[in-house]
Amino acid sequence: MDFALTEEQEFFKKTITDTVDRMIVPKAREIDEKDEFPWELWREFSSLGYLGLRYPEEIGGMNADPVTAMIFYEQIARGSVGFAQSVIMNILMGTYFVFRFGSDAMKERCLYPAMKGEKVGTMCFTEDQSGSDLSATRTTVRKEGNEWVINGTKMWITNGPVADMATVLATTDLALGAKGLNFFLVEKGTPGFSAGQVLDKLGCRGTVTGELVFDNVRVPEENLLGKELNRGVEYLGEILDEVRVMTGAMALGIAQAAFDEGLEYARKRVAFGKPIGTYQLIRAKFADMATEMEASRLMIYYAAWRIREKLSSRKEAAMAKMYATETCCKVVDEVTRIWGANGFAHEYNPQRHFRDARFLLYGGGTHEIIRDLLGRMIIGKV
Amino acid sequence: MNIVVLAKQVPDAEALIEITSEGRELLIEQKFAMNFFDEFALEEALRIKERHGGRVSVITMGTGKATEALRTAIAMGADAAFLLDDEAFLQGDGYSTALALSRAVSKEACDIILCGRQAVDDDRGEVGPMVAQFLGLPHVGAVLKLDIADGLAVAESAIEGATEVIEVDLPAVFTAQKGLNEPRVPMITGVMKAMKAQIPRLTPADLGLEPAQVGERGAKVTIGRYIAPSRKPPVRLIAGEPAEAAREAIRILTDVERVL
């Protein structure tokens with residue numbers, strides 16, 4: 001049993017931490033306040049090459065193992081989760097299916113530019129009546145000659161309003177439920193494909209999130225991202241655990257950002273003639289927060305390690321996502337208490353972390369669904 | 001153009017430092033970073049290489065953890081890195097450190113030697129000029145601008161009330177001041193190269209030195225004891241009308257604090 005990061009991973013952690021501190025942290029407040037896609041930072045950051053993090057070196061990626069990727073996700077979310085969501089969408093969900101199933105031409109057109117930040121990618125599952133319940137997907141697809149025709153509306157799409165390419169979940173037959181689902185690539189400019197309403201969110205501002213409309217969108221046969229029809233859910237399973245652990249890593253990043261703010265404040269803020277960090281009730285908060293964050297980090301690394309070792313990871317990934325996110329929600333709450341009334345002021349960062357934390361409760365599966373899944377896995381058939 | 005950068009791994013600005021053993025030892029939290037001023041030196045070296053071609057080597061003295069500073073240098077674009085890593089190097093002063101570094105520099109011919117104007121941990125600013133002395137080379141301190149052409153360097157540094165422009169033949173030693181440049185953020189290709197890089201370790205023997213010439217035994221200075229700096233008093237508000245309060249502030253600064 002070895003809990004240590006390798007020297008390489010330690011170095012990577014330090015480098016990405018410094019990069020985030022220099023490039024992203026100073027802009028986090030502005031990103032939140034403006035709530036617009038931060039194009040300038042996007043170009044500056046993507047020029048460093050991190051968007052190819054998970055992909056092989058032969059195609060310009062870094063071939064990062066899942067543990068290294070989690071270090072990256074945590075750090076970038078610590079800087080600004082609004083920015084992190086856009087970046088991670090390009091790194092993971094927004095490009096995975098093109099990488100896995102796309103033709104060479106498609107990769108040239110979509111994947112390689114996305115790895116450089118020249119194109120923005122997204123993945124569309126959620127609809128107004130379905131999210132975690134994929135089997136309720138109502139976006140349909142039908143074959144007409146050599147083309148697929150897609151109809152439906154997607155909601156809560158990260159990067160949706162600015163996306164150059166979308167991996168879209170659609171069903172061949174509403175009656176088949178989860179067994180009729182497939183992914184298709186739809187590129188910007190395809191007739192019938194348009195962005196609808198942009199959502200005004202409580203947190204994770206700066207990631208533009210919105211509606212995408214598919215009105216008789218016709219794409220060629222090769223745009224089916226999968227080897228066989230109706231196996232979409234199975235293909236999704238290939239990255240589901242990674243997506244869940246990644247969500248936990250982002251939660252941990254927010255928690256760490258809030259924790260650091262709380263720590264600085266507890267050391268400096270004086271009440272009754274002493275820094276508040278000298279009072280037992282404040283110390284207890286730090287003891288609990290640090291313990292739960294440490295546990296979250298170990299669960300995230302463990303689940304990522306299982307993914308890397310190709311061991312079953314459904315349970316561990318779900319647990320890591322849920323525990324880290326619940327911990328994050330606790331930490332951001334405690335930090336606003338430590339900051340007292342200042343924690344309620346827009347002038348300071350704790351309120352931003354408090355708002356940002358909420359979104360991760362839903363992304364990667366709601367905790368109600370995850371608890372149900374875990375309970376079912378643990379108890380088994382009775 | 002062969003350029004050597006001397007870089008030091010120092011405690012991170014946020015690391016907690018405690019004085020222990022009745023002032024004889026410093027207990028430093030294990031958080032490190034490359035010396036702030038050395039980053040400017042490294043960036044300048046990389047820019048010179050980009051303009052004139054050549055090779056950038058970085059040398060650090062320190063324990064195993066100091067490889068991090070060297071990996072950062074490789075990630076930013078340095079071609080080679082060496083770590084002077086041996087028990088005998090520990091607890092040295094500026095003199096014994098500069099002696100060892102100058103020997104490491106002289107292993108290969110070079111045109112430019114760059115380092116920070118001082119290390120932010122001990123703030124002494126000795127090593128750069130001493131390396132120049134050991135190598136018999138000219139030294140220009142606290143450089144804010146550096147132009148290289150035809151074996152000649154034109155360096156600018158700020159002095160009281162003016163900018164000094166110094167022309168010097170190469171090879172020469174330059175120490176970097178804040179403002180010389182803006183250090184770059186490493187690209188992922190550099191990070192990957194750095195993650196895989198093998199960093200050779202050099203011992204006193206590799207430098208043709210006896211253990212007694214380096215580290216604590218080779219030092220000319222012994223540290224007596226450490227004393228904690230006086231704690232800053234809390235902010236003091238001066239009441240009254242602005243003009244009156246300003247007069248009182250000046251009185252405090254001149255008569256009480258004696259800083260004006």
# chains A, B, ... in the order shown; residues from 1 in each chain; ligands from 1

$ residues_around --residues "region 169-175 of chain B" --least-positions-apart "5" --cutoff "8 Å" --atoms "only C-alpha atoms" --output "list in words"
Ala41, Cys110, Asp111, Ile112, Ile113, Leu114, Cys115, Gly116, Arg117, Gly128, Pro129, Val131, Ala132, Leu137, Pro138, His139, Val140, Gly141, Ala142, Val143, Gly151, Leu152 and Ala153 of chain B

$ write_last_selection --atoms "C-alpha atoms" --output "PDB file, in the first residue's frame"
ATOM      1  CA  ALA B  41      17.237  35.515 -13.966  1.00  0.00           C
ATOM      2  CA  CYS B 110      29.831  29.838 -20.644  1.00  0.00           C
ATOM      3  CA  ASP B 111      29.116  33.386 -21.838  1.00  0.00           C
ATOM      4  CA  ILE B 112      26.566  34.613 -19.354  1.00  0.00           C
ATOM      5  CA  ILE B 113      25.897  33.765 -15.725  1.00  0.00           C
ATOM      6  CA  LEU B 114      22.633  34.983 -14.250  1.00  0.00           C
ATOM      7  CA  CYS B 115      21.174  34.769 -10.770  1.00  0.00           C
ATOM      8  CA  GLY B 116      18.773  36.728  -8.580  1.00  0.00           C
ATOM      9  CA  ARG B 117      20.081  39.807  -6.815  1.00  0.00           C
ATOM     10  CA  GLY B 128      26.296  36.451  -7.343  1.00  0.00           C
ATOM     11  CA  PRO B 129      29.194  38.865  -6.793  1.00  0.00           C
ATOM     12  CA  VAL B 131      30.790  33.723  -7.936  1.00  0.00           C
ATOM     13  CA  ALA B 132      32.064  36.488 -10.246  1.00  0.00           C
ATOM     14  CA  LEU B 137      34.654  37.742 -14.161  1.00  0.00           C
ATOM     15  CA  PRO B 138      32.979  41.147 -14.157  1.00  0.00           C
ATOM     16  CA  HIS B 139      29.696  41.485 -12.248  1.00  0.00           C
ATOM     17  CA  VAL B 140      26.752  43.810 -12.787  1.00  0.00           C
ATOM     18  CA  GLY B 141      24.221  43.893  -9.957  1.00  0.00           C
ATOM     19  CA  ALA B 142      20.444  44.396  -9.783  1.00  0.00           C
ATOM     20  CA  VAL B 143      19.965  44.481 -13.549  1.00  0.00           C
ATOM     21  CA  GLY B 151      30.224  39.479 -27.146  1.00  0.00           C
ATOM     22  CA  LEU B 152      29.215  42.636 -25.331  1.00  0.00           C
ATOM     23  CA  ALA B 153      26.448  43.231 -22.797  1.00  0.00           C
TER      24      ALA B 153
END

$ residues_around --residues "Phe89 (chain B)" --least-positions-apart "4" --cutoff "10 Å" --atoms "only C-alpha atoms" --output "JSON, numbers by chain"
{"B": [61, 62, 63, 84, 85, 93, 96, 97, 100, 203, 204, 211, 212, 213, 214, 215, 216, 217, 218]}

$ write_last_selection --atoms "C-alpha atoms" --output "compact mmCIF listing (two decimals), in the first residue's frame"
# COMPACT_ATOMS: atom_id res chain seq x y z
CA MET B 61 22.51 23.74 -4.32
CA GLY B 62 20.14 22.00 -1.97
CA THR B 63 18.65 18.76 -0.76
CA LEU B 84 24.65 20.16 -5.83
CA ASP B 85 23.38 17.64 -3.33
CA ASP B 93 27.40 30.73 4.04
CA SER B 96 31.26 28.43 0.68
CA THR B 97 28.12 28.34 -1.48
CA ALA B 100 30.93 25.41 -4.90
CA THR B 203 29.12 16.18 -4.87
CA PRO B 204 32.13 18.20 -3.62
CA PRO B 211 34.31 18.40 2.12
CA ALA B 212 36.14 20.86 4.43
CA GLN B 213 35.94 23.59 1.75
CA VAL B 214 32.15 23.57 1.41
CA GLY B 215 29.05 23.96 3.57
CA GLU B 216 29.44 24.76 7.24
CA ARG B 217 33.11 23.73 7.37
CA GLY B 218 34.05 26.00 4.48

$ select_by_dssp --residues "region 149-224 of chain A" --states "helix (DSSP H, G or I)" --output "ChimeraX atom specification"
/A:160-162,174-180,221-223

$ write_last_selection --atoms "C-alpha atoms" --output "PDB file, in the first residue's frame"
ATOM      1  CA  GLY A 160     -23.792  25.314 -24.738  1.00  0.00           C
ATOM      2  CA  PRO A 161     -24.231  28.945 -25.824  1.00  0.00           C
ATOM      3  CA  VAL A 162     -20.634  29.141 -27.144  1.00  0.00           C
ATOM      4  CA  LEU A 174     -38.867   6.422 -26.942  1.00  0.00           C
ATOM      5  CA  ALA A 175     -40.234   3.027 -25.892  1.00  0.00           C
ATOM      6  CA  LEU A 176     -36.755   1.518 -25.497  1.00  0.00           C
ATOM      7  CA  GLY A 177     -35.777   3.799 -22.575  1.00  0.00           C
ATOM      8  CA  ALA A 178     -32.061   3.528 -21.712  1.00  0.00           C
ATOM      9  CA  LYS A 179     -31.649   0.843 -24.390  1.00  0.00           C
ATOM     10  CA  GLY A 180     -32.417   3.211 -27.260  1.00  0.00           C
ATOM     11  CA  GLU A 221     -24.019   8.579 -40.913  1.00  0.00           C
ATOM     12  CA  GLU A 222     -20.489   8.708 -39.470  1.00  0.00           C
ATOM     13  CA  ASN A 223     -21.640  11.192 -36.804  1.00  0.00           C
TER      14      ASN A 223
END

$ select_by_dssp --residues "region 30-113 of chain B" --states "strand (DSSP E)" --output "number ranges by chain"
B: 32-34, 55-61, 80-84, 112-113

$ interface_residues --of "chain B" --to "chain A" --cutoff "10 Å" --atoms "only C-alpha atoms" --output "list in words"
Phe32, Ala33, Lys65, Thr67, Glu68, Ala69, Arg71, Thr72, Ala75, Arg184, Val185, Pro186, Met187, Ile188, Thr189, Gly190, Val191, Met192, Ala194, Met195, Lys196 and Ala197 of chain B

$ write_last_selection --atoms "C-alpha atoms" --output "PDB file, in the first residue's frame"
ATOM      1  CA  PHE B  32       9.204  25.659  -1.055  1.00  0.00           C
ATOM      2  CA  ALA B  33       9.430  27.762  -4.175  1.00  0.00           C
ATOM      3  CA  LYS B  65      13.374  18.633  -2.555  1.00  0.00           C
ATOM      4  CA  THR B  67      14.836  19.253  -7.655  1.00  0.00           C
ATOM      5  CA  GLU B  68      11.400  20.889  -7.789  1.00  0.00           C
ATOM      6  CA  ALA B  69      12.962  24.282  -8.556  1.00  0.00           C
ATOM      7  CA  ARG B  71      12.107  20.854 -12.754  1.00  0.00           C
ATOM      8  CA  THR B  72      10.288  24.188 -12.845  1.00  0.00           C
ATOM      9  CA  ALA B  75       9.364  23.210 -17.596  1.00  0.00           C
ATOM     10  CA  ARG B 184       6.560  32.885 -18.130  1.00  0.00           C
ATOM     11  CA  VAL B 185       4.034  30.253 -17.114  1.00  0.00           C
ATOM     12  CA  PRO B 186       5.282  26.835 -18.250  1.00  0.00           C
ATOM     13  CA  MET B 187       3.567  25.084 -21.151  1.00  0.00           C
ATOM     14  CA  ILE B 188       2.389  21.530 -20.671  1.00  0.00           C
ATOM     15  CA  THR B 189       5.017  20.212 -23.097  1.00  0.00           C
ATOM     16  CA  GLY B 190       7.660  21.719 -20.811  1.00  0.00           C
ATOM     17  CA  VAL B 191       5.951  20.289 -17.749  1.00  0.00           C
ATOM     18  CA  MET B 192       5.975  16.823 -19.303  1.00  0.00           C
ATOM     19  CA  ALA B 194      10.375  18.308 -16.644  1.00  0.00           C
ATOM     20  CA  MET B 195       8.426  15.438 -15.091  1.00  0.00           C
ATOM     21  CA  LYS B 196      10.605  12.926 -16.928  1.00  0.00           C
ATOM     22  CA  ALA B 197      13.938  14.777 -16.666  1.00  0.00           C
TER      23      ALA B 197
END

$ closest_residue --among "A:Pro38, A:Ser132, A:Tyr112, A:Arg244" --to "Pro56 (chain A)" --atoms "only C-alpha atoms"
A:Tyr112

$ residues_around --residues "region 255-270 of chain A" --least-positions-apart "2" --cutoff "9 Å" --atoms "only C-alpha atoms" --output "VMD selection string"
chain A and resid 74 to 75 77 to 79 250 to 253 272 to 278 282 to 283 286 289 to 290 293 324 to 325 327 to 332 334 to 336 338 to 339 349 to 350 353 to 354 357
